[in-house]
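Working notes for the structure below.
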Protein chains: 2
Amino acid sequence: MNIKGNAIIAQGGGPTAVINQSLAGAVIEMKKHKEITAIYGALHGVRGIIEENFLDLTNASQQNLEEVALTPCAALLSTRDKPDQEYCGKIFQVFKKYDIRYFFYIGGNDSSDTVRLVNEYAENENYEFKAFHIPKTIDNDLVINDHTPGFGSAARFVAQAFMGINLETKALDGIYIGIVMGRHAGFLTAAAALGKRNEEDGPHLVYLPERAFNIDNFLKDIEAIYKKLGRCVIAVSEGIIDEEGTPIAAKLKASISRDSHGNIELAGGELGDMLSKAVKENLNISRVRADTFGYLQRSFPGSISDTDQKEARLAGMAAVQFAMMEEYQSGSVILDRIGEYEIQYTLTQLEDIAAKTKHMPDEFINQEGNNITDAFIKYANPLIGTDFKKTVSLDAPMVKKK
Amino acid sequence: MNIKGNAIIAQGGGPTAVINQSLAGAVIEMKKHKEITAIYGALHGVRGIIEENFLDLTNASQQNLEEVALTPCAALLSTRDKPDQEYCGKIFQVFKKYDIRYFFYIGGNDSSDTVRLVNEYAENENYEFKAFHIPKTIDNDLVINDHTPGFGSAARFVAQAFMGINLETKALDGIYIGIVMGRHAGFLTAAAALGKRNEEDGPHLVYLPERAFNIDNFLKDIEAIYKKLGRCVIAVSEGIIDEEGTPIAAKLKASISRDSHGNIELAGGELGDMLSKAVKENLNISRVRADTFGYLQRSFPGSISDTDQKEARLAGMAAVQFAMMEEYQSGSVILDRIGEYEIQYTLTQLEDIAAKTKHMPDEFINQEGNNITDAFIKYANPLIGTDFKKTVSLDAPMVKKK
């Protein structure tokens, strides 16, 4: 027989379009198991635990959970807090006070490290306890996983944004630079290419944080495309770095500010504005536009991948199912790809995932480091939804000039 | 009997998500009328006319037209050219050479002025000819019209973007500033509020080009909301102006550049970055983020209003139907609202529409000039789609603290 007691679930880090699918999946699954007495939802992640701010989800209705599942962003609210030993001690006191025996944390690699630390603390205290990490990140940068819930929907948004922009530059010419999220991993920026129908479609160039960025090569690349097509669409990761590994965006900031995880702030329009200015001045092209996609790409409710929704749901359910098995005390749920496209949910040790970052493999990046390969397209295509439609052009002959 | 001859259709100005619905509607309708011999589609608007670059749409298949209709951005490509008398003379020579007797131009107020000029030219030359303007603009700034095709889908995008951002700031706190398109009219920025469920939801403040912008009041407004809610979501039009009527964005540019219509360039991240910096420095709040929505809001294929699609289609069909009536020689199609929500397509003189700009009426803006009113919500709600869903929060009680 498994431990009997209360369960707590929380959400950490940035939002995705499907993080509440994992929440709904986990809660619905928990309700099936009599080992779990009450189901608490901590508000604002680990901060809600130490502050004892819990929603009682034990009797949450199936209908409400289904509606919340379709809503992007953490329904339990989120946090950037990263617990140290003292913080974990406080979490622990609360867990004991509330007889919490099951802990589920939906988040990225920082959140998985939080689960690892809290679990370590419980082990040292001989507290009977199970702790599971449910993967989530639009960056797709968790190791071992084929991909992570949240990425497919963000990738769909970025692909669709570039589909529109490709048509816009075709209609009105010019240069377009879109700055896409991704601090260390280029997956989301690479997704800009998923709506391309042929070589003439944009994005024509893709710059990733996995390759050193050189402004002279960037300008030469654009010039070559512009000469051929009279336009050029470019996807640039916000995290592009120079030869020394310093983010280009950080170098543009008057003062560098960091978030509570020590990450340098990359937000704002400076990177796009600088690149756009460089193109205007050096290539003498007047119609140059840069947009920084920003928050829209991770929380847009209007266009969510059905595949991503399903997988996030199943990842949440899988975490609870593993917790109900006597052989597992803790772990992180892994999405494994089998065959052409099927996903299997397995479990790995928390320390295998925690605070590690996956990057785009070399086979997904072309030799020049300015575009993605067909291998990436093949990899990412199934993630953006079964109903993903490409754009269609007029199919009509030209009239012979008189 | 009506004039017999060839017809030409073209698209001008910036893209919308439904401009090809009007194209498909007009072409499908033209195919029904034996007065029209051949149907030409000029590539790149009026420029395609003088360069004689036409697609032959006479035998375009229904299936291709239906698929193109679902694709955003001008399928016939677009132009920013604004013809003068000489340009109109050239257009005219081409029309005579190709026996073109029907001219349909889908576009905004600049495009309607083009139709007016070309039509005037034909009248002076006693050339038997009919010219019609089909309305299109995400800015919703054509006079007489209740609203314009293209606005509903862009409004849907902006509303959904702010729905996600509202949840994101709820989950992680902070200040968010979203810069929305709209050079002279605030309709699209106002649409940011269409996804609100209650007073606590963002956007909490909305700044429009119809009211002079004052940075001190802006900071005071934010401070008041932030004190109450611990967060603040703000929608700002790219076209906000100072007391003298100068765009704030233009004042931030090192050098002012203008497009071929003489419009000052407002693009780029500077406005958002400046406002974000002002909030950080004056209110001492660290988590401040600004995004400039840019091109995404007018060409995103992932979330289009079905109402907008239907109306754009019917506006295109209506233009051809008016052209087939002997009593009409030229005009601009008007969308009239009847009763609770029904649209009637009427015709007005080209000079009533041409080069005129509609602004947000006073009843849509609150007294403080920092938000919209319920009257705007009532007006705009039917335009963003019959399937527009708001977000849903968890419906569960708080756990009593131990």
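Going through the structure tokens in order, the chains are called A, B, and so on, while each chain numbers its residues from 1 and the ligands are numbered from 1 in the order shown.
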Distance filter 7 Å, only C-alpha atoms, chain B against chain A, as a PyMOL selection string = chain B and resi 15+44+52+54-57+60+64+67-68+71-75+77-79+160-161+164-165+167-168+170-172+268-270+273+290-296+299-303+391-399+401
request  = From a DSSP pass on the backbone, collect the residues of range 97-346 of chain A flagged as helix (DSSP H, G or I) and hand them back as JSON, numbers by chain.
outcome  = {"A": [97, 109, 110, 111, 112, 113, 114, 115, 116, 117, 118, 119, 120, 121, 122, 123, 124, 151, 152, 153, 154, 155, 156, 157, 158, 159, 160, 161, 162, 163, 164, 165, 166, 167, 168, 169, 170, 171, 172, 187, 188, 189, 190, 191, 192, 193, 194, 195, 215, 216, 217, 218, 219, 220, 221, 222, 223, 224, 225, 226, 227, 228, 229, 248, 249, 250, 251, 252, 270, 271, 272, 273, 274, 275, 276, 277, 278, 279, 280, 281, 282, 283, 296, 297, 298, 299, 306, 307, 308, 309, 310, 311, 312, 313, 314, 315, 316, 317, 318, 319, 320, 321, 322, 323]}
Those residues you just picked out, can you put them in a file as a JSON list (two decimals), in the first residue's frame with C-alpha atoms?
```json
[["chain", "number", "residue", "atom", "x", "y", "z"],
["A", 97, "LYS", "CA", 1.79, 20.59, 9.31],
["A", 109, "ASN", "CA", 14.60, 23.14, -15.44],
["A", 110, "ASP", "CA", 14.70, 25.63, -12.57],
["A", 111, "SER", "CA", 11.49, 24.16, -11.16],
["A", 112, "SER", "CA", 12.82, 20.61, -11.48],
["A", 113, "ASP", "CA", 15.79, 21.69, -9.39],
["A", 114, "THR", "CA", 13.36, 22.99, -6.76],
["A", 115, "VAL", "CA", 11.65, 19.57, -6.65],
["A", 116, "ARG", "CA", 15.06, 17.90, -6.32],
["A", 117, "LEU", "CA", 16.04, 20.13, -3.39],
["A", 118, "VAL", "CA", 12.74, 19.70, -1.54],
["A", 119, "ASN", "CA", 12.90, 15.94, -2.07],
["A", 120, "GLU", "CA", 16.48, 15.81, -0.77],
["A", 121, "TYR", "CA", 15.35, 17.69, 2.30],
["A", 122, "ALA", "CA", 12.53, 15.20, 2.95],
["A", 123, "GLU", "CA", 14.91, 12.26, 2.57],
["A", 124, "ASN", "CA", 17.33, 13.76, 5.08],
["A", 151, "PHE", "CA", 6.83, 24.18, -26.84],
["A", 152, "GLY", "CA", 4.41, 22.94, -29.52],
["A", 153, "SER", "CA", 1.93, 25.76, -28.95],
["A", 154, "ALA", "CA", 4.59, 28.47, -28.79],
["A", 155, "ALA", "CA", 6.15, 26.98, -31.94],
["A", 156, "ARG", "CA", 2.74, 27.08, -33.63],
["A", 157, "PHE", "CA", 2.37, 30.76, -32.72],
["A", 158, "VAL", "CA", 5.84, 31.65, -34.02],
["A", 159, "ALA", "CA", 5.34, 29.62, -37.22],
["A", 160, "GLN", "CA", 1.98, 31.29, -37.89],
["A", 161, "ALA", "CA", 3.38, 34.75, -37.13],
["A", 162, "PHE", "CA", 6.11, 34.21, -39.73],
["A", 163, "MET", "CA", 3.59, 32.81, -42.24],
["A", 164, "GLY", "CA", 1.73, 36.12, -42.08],
["A", 165, "ILE", "CA", 4.92, 38.17, -42.17],
["A", 166, "ASN", "CA", 6.22, 36.19, -45.15],
["A", 167, "LEU", "CA", 3.08, 37.08, -47.09],
["A", 168, "GLU", "CA", 3.28, 40.69, -45.93],
["A", 169, "THR", "CA", 6.85, 41.18, -47.18],
["A", 170, "LYS", "CA", 5.88, 39.40, -50.41],
["A", 171, "ALA", "CA", 3.04, 41.90, -50.85],
["A", 172, "LEU", "CA", 4.99, 45.02, -49.91],
["A", 187, "PHE", "CA", 14.20, 25.67, -30.82],
["A", 188, "LEU", "CA", 11.49, 28.36, -30.70],
["A", 189, "THR", "CA", 13.31, 30.63, -33.15],
["A", 190, "ALA", "CA", 13.81, 27.64, -35.47],
["A", 191, "ALA", "CA", 10.03, 27.09, -35.38],
["A", 192, "ALA", "CA", 9.71, 30.27, -37.47],
["A", 193, "ALA", "CA", 10.41, 28.02, -40.48],
["A", 194, "LEU", "CA", 7.59, 25.51, -39.86],
["A", 195, "GLY", "CA", 5.08, 27.34, -42.07],
["A", 215, "ILE", "CA", 27.02, 41.35, -37.70],
["A", 216, "ASP", "CA", 29.12, 41.45, -40.90],
["A", 217, "ASN", "CA", 28.04, 37.94, -41.90],
["A", 218, "PHE", "CA", 24.45, 38.86, -40.96],
["A", 219, "LEU", "CA", 24.51, 41.83, -43.36],
["A", 220, "LYS", "CA", 26.18, 39.79, -46.13],
["A", 221, "ASP", "CA", 23.55, 37.03, -45.72],
["A", 222, "ILE", "CA", 20.69, 39.53, -45.98],
["A", 223, "GLU", "CA", 22.22, 41.29, -48.98],
["A", 224, "ALA", "CA", 22.48, 38.01, -50.90],
["A", 225, "ILE", "CA", 18.82, 37.11, -50.27],
["A", 226, "TYR", "CA", 17.63, 40.67, -50.98],
["A", 227, "LYS", "CA", 19.44, 40.70, -54.32],
["A", 228, "LYS", "CA", 17.71, 37.47, -55.32],
["A", 229, "LEU", "CA", 14.18, 38.04, -53.96],
["A", 248, "ILE", "CA", 24.23, 40.72, -27.97],
["A", 249, "ALA", "CA", 21.05, 42.04, -26.31],
["A", 250, "ALA", "CA", 22.82, 42.43, -22.96],
["A", 251, "LYS", "CA", 25.61, 44.47, -24.58],
["A", 252, "LEU", "CA", 22.98, 46.94, -25.85],
["A", 270, "GLU", "CA", 16.78, 47.25, -28.42],
["A", 271, "LEU", "CA", 18.11, 44.15, -30.20],
["A", 272, "GLY", "CA", 15.59, 44.40, -33.01],
["A", 273, "ASP", "CA", 16.05, 48.16, -33.32],
["A", 274, "MET", "CA", 19.85, 47.81, -33.45],
["A", 275, "LEU", "CA", 19.74, 45.10, -36.14],
["A", 276, "SER", "CA", 17.18, 47.05, -38.15],
["A", 277, "LYS", "CA", 19.34, 50.19, -37.96],
["A", 278, "ALA", "CA", 22.41, 48.22, -39.06],
["A", 279, "VAL", "CA", 20.57, 46.92, -42.15],
["A", 280, "LYS", "CA", 19.17, 50.36, -43.06],
["A", 281, "GLU", "CA", 22.53, 52.10, -42.76],
["A", 282, "ASN", "CA", 24.80, 49.47, -44.25],
["A", 283, "LEU", "CA", 22.66, 48.04, -47.04],
["A", 296, "LEU", "CA", 2.56, 37.06, -26.93],
["A", 297, "GLN", "CA", 4.34, 33.91, -28.05],
["A", 298, "ARG", "CA", 3.99, 32.12, -24.73],
["A", 299, "SER", "CA", 0.51, 33.04, -23.56],
["A", 306, "ASP", "CA", -4.02, 20.14, -30.01],
["A", 307, "THR", "CA", -1.06, 17.75, -29.87],
["A", 308, "ASP", "CA", 0.56, 19.91, -27.20],
["A", 309, "GLN", "CA", -2.69, 20.05, -25.23],
["A", 310, "LYS", "CA", -3.02, 16.26, -25.26],
["A", 311, "GLU", "CA", 0.60, 15.67, -24.30],
["A", 312, "ALA", "CA", 0.57, 18.20, -21.46],
["A", 313, "ARG", "CA", -2.57, 16.54, -20.12],
["A", 314, "LEU", "CA", -1.01, 13.08, -20.31],
["A", 315, "ALA", "CA", 2.24, 14.30, -18.71],
["A", 316, "GLY", "CA", 0.24, 15.55, -15.71],
["A", 317, "MET", "CA", -1.67, 12.28, -15.47],
["A", 318, "ALA", "CA", 1.53, 10.23, -15.84],
["A", 319, "ALA", "CA", 3.17, 12.02, -12.88],
["A", 320, "VAL", "CA", 0.30, 10.99, -10.61],
["A", 321, "GLN", "CA", 0.27, 7.44, -12.00],
["A", 322, "PHE", "CA", 4.01, 7.09, -11.27],
["A", 323, "ALA", "CA", 3.44, 8.46, -7.76]]
```
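Computed from the coordinates, the CA of Lys32 in chain B to CA of Ile100 in chain B distance equals 17.5 Å.
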task = May I have the residues within 8 Å of range 101-107 of chain A as a count of residues only, using only C-alpha atoms and disregarding those fewer than 6 positions away in the same chain?
result = 29
request  = Write down as an NGL selection string the residues of range 98-148 of chain A whose backbone DSSP state falls under strand (DSSP E or B).
outcome  = :A and (100-107 or 130-135)
Just write the chosen residues, N, CA and C atoms, as an mmCIF file, in the first residue's frame.
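Result file is selection25.cif:
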```cif
data_model
loop_
_atom_site.group_PDB
_atom_site.id
_atom_site.type_symbol
_atom_site.label_atom_id
_atom_site.label_comp_id
_atom_site.auth_asym_id
_atom_site.auth_seq_id
_atom_site.Cartn_x
_atom_site.Cartn_y
_atom_site.Cartn_z
ATOM 1 N N ILE A 100 1.199 16.704 4.069
ATOM 2 C CA ILE A 100 1.342 16.585 2.612
ATOM 3 C C ILE A 100 2.383 15.497 2.301
ATOM 4 N N ARG A 101 1.954 14.512 1.529
ATOM 5 C CA ARG A 101 2.803 13.356 1.217
ATOM 6 C C ARG A 101 3.119 13.251 -0.265
ATOM 7 N N TYR A 102 2.430 14.055 -1.051
ATOM 8 C CA TYR A 102 2.663 14.040 -2.504
ATOM 9 C C TYR A 102 2.858 15.478 -2.989
ATOM 10 N N PHE A 103 3.939 15.689 -3.701
ATOM 11 C CA PHE A 103 4.251 17.034 -4.205
ATOM 12 C C PHE A 103 4.454 16.953 -5.725
ATOM 13 N N PHE A 104 3.657 17.699 -6.466
ATOM 14 C CA PHE A 104 3.781 17.766 -7.933
ATOM 15 C C PHE A 104 4.078 19.202 -8.335
ATOM 16 N N TYR A 105 5.157 19.377 -9.076
ATOM 17 C CA TYR A 105 5.545 20.744 -9.473
ATOM 18 C C TYR A 105 5.689 20.796 -10.994
ATOM 19 N N ILE A 106 4.864 21.626 -11.616
ATOM 20 C CA ILE A 106 4.886 21.774 -13.073
ATOM 21 C C ILE A 106 5.808 22.939 -13.416
ATOM 22 N N GLY A 107 6.885 22.678 -14.182
ATOM 23 C CA GLY A 107 7.793 23.772 -14.501
ATOM 24 C C GLY A 107 8.939 23.348 -15.390
ATOM 25 N N LYS A 130 6.600 11.770 -1.489
ATOM 26 C CA LYS A 130 6.880 11.542 -2.909
ATOM 27 C C LYS A 130 6.868 12.874 -3.658
ATOM 28 N N ALA A 131 7.843 13.057 -4.561
ATOM 29 C CA ALA A 131 7.986 14.361 -5.236
ATOM 30 C C ALA A 131 8.213 14.167 -6.731
ATOM 31 N N PHE A 132 7.378 14.805 -7.527
ATOM 32 C CA PHE A 132 7.470 14.619 -8.978
ATOM 33 C C PHE A 132 7.457 15.947 -9.723
ATOM 34 N N HIS A 133 8.277 15.979 -10.745
ATOM 35 C CA HIS A 133 8.348 17.155 -11.613
ATOM 36 C C HIS A 133 7.617 16.858 -12.918
ATOM 37 N N ILE A 134 6.732 17.778 -13.302
ATOM 38 C CA ILE A 134 6.000 17.655 -14.577
ATOM 39 C C ILE A 134 6.580 18.695 -15.534
ATOM 40 N N PRO A 135 7.127 18.253 -16.681
ATOM 41 C CA PRO A 135 7.880 19.185 -17.539
ATOM 42 C C PRO A 135 6.991 20.206 -18.231
#
```
So that I can check the surroundings of Leu347 in chain B, please list as a compact mmCIF listing (two decimals) with N, CA and C atoms, in the first residue's frame every protein, DNA and RNA residue that reaches within 6 Å of it, counting only C-alpha atoms and ignoring chain neighbours fewer than 2 positions away.
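As a result, around-v4.txt now contains:
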```txt
# COMPACT_ATOMS: atom_id res chain seq x y z
N GLY B 331 -18.44 54.18 -56.63
CA GLY B 331 -18.78 54.32 -55.22
C GLY B 331 -17.91 53.48 -54.32
N SER B 332 -18.16 53.65 -53.03
CA SER B 332 -17.44 52.89 -52.01
C SER B 332 -18.47 52.10 -51.21
N VAL B 333 -18.20 50.81 -51.02
CA VAL B 333 -19.14 49.96 -50.27
C VAL B 333 -19.07 50.32 -48.79
N ILE B 334 -20.23 50.44 -48.17
CA ILE B 334 -20.34 50.85 -46.77
C ILE B 334 -20.95 49.73 -45.95
```
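Across the model, the gap from CA of Glu29 in chain A to CA of Glu351 in chain A is 25.3 Å.
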query = Near range 237-240 of chain A, within 6 Å and counting only C-alpha atoms, which residues show up once chain neighbours fewer than 5 positions away are dropped, as JSON, numbers by chain?
reply = {"A": [179, 180, 181, 182, 183, 184, 189, 208, 209, 247]}
Can you spit out the residues from that selection as a tab-separated table (two decimals), in the first residue's frame, using N, CA and C atoms?
```tsv
chain	number	residue	atom	x	y	z
A	179	ILE	N	12.26	39.06	-33.60
A	179	ILE	CA	13.06	38.58	-32.47
A	179	ILE	C	12.20	37.61	-31.64
A	180	VAL	N	12.68	36.38	-31.52
A	180	VAL	CA	11.91	35.30	-30.90
A	180	VAL	C	12.56	34.92	-29.57
A	181	MET	N	11.72	34.49	-28.62
A	181	MET	CA	12.25	34.08	-27.30
A	181	MET	C	13.15	32.86	-27.39
A	182	GLY	N	13.98	32.68	-26.36
A	182	GLY	CA	14.89	31.55	-26.28
A	182	GLY	C	16.23	32.05	-25.81
A	183	ARG	N	16.46	31.94	-24.51
A	183	ARG	CA	17.66	32.51	-23.93
A	183	ARG	C	18.91	31.73	-24.35
A	184	HIS	N	18.83	30.39	-24.25
A	184	HIS	CA	20.01	29.57	-24.52
A	184	HIS	C	19.77	28.56	-25.64
A	189	THR	N	12.96	29.80	-31.99
A	189	THR	CA	13.31	30.63	-33.15
A	189	THR	C	13.30	29.77	-34.42
A	208	LEU	N	20.51	31.61	-34.30
A	208	LEU	CA	20.24	30.89	-33.06
A	208	LEU	C	21.31	31.15	-32.01
A	209	PRO	N	20.97	30.97	-30.73
A	209	PRO	CA	21.99	31.17	-29.68
A	209	PRO	C	23.07	30.10	-29.69
A	247	PRO	N	25.63	37.67	-24.54
A	247	PRO	CA	24.43	37.97	-25.33
A	247	PRO	C	24.52	39.37	-25.97
```
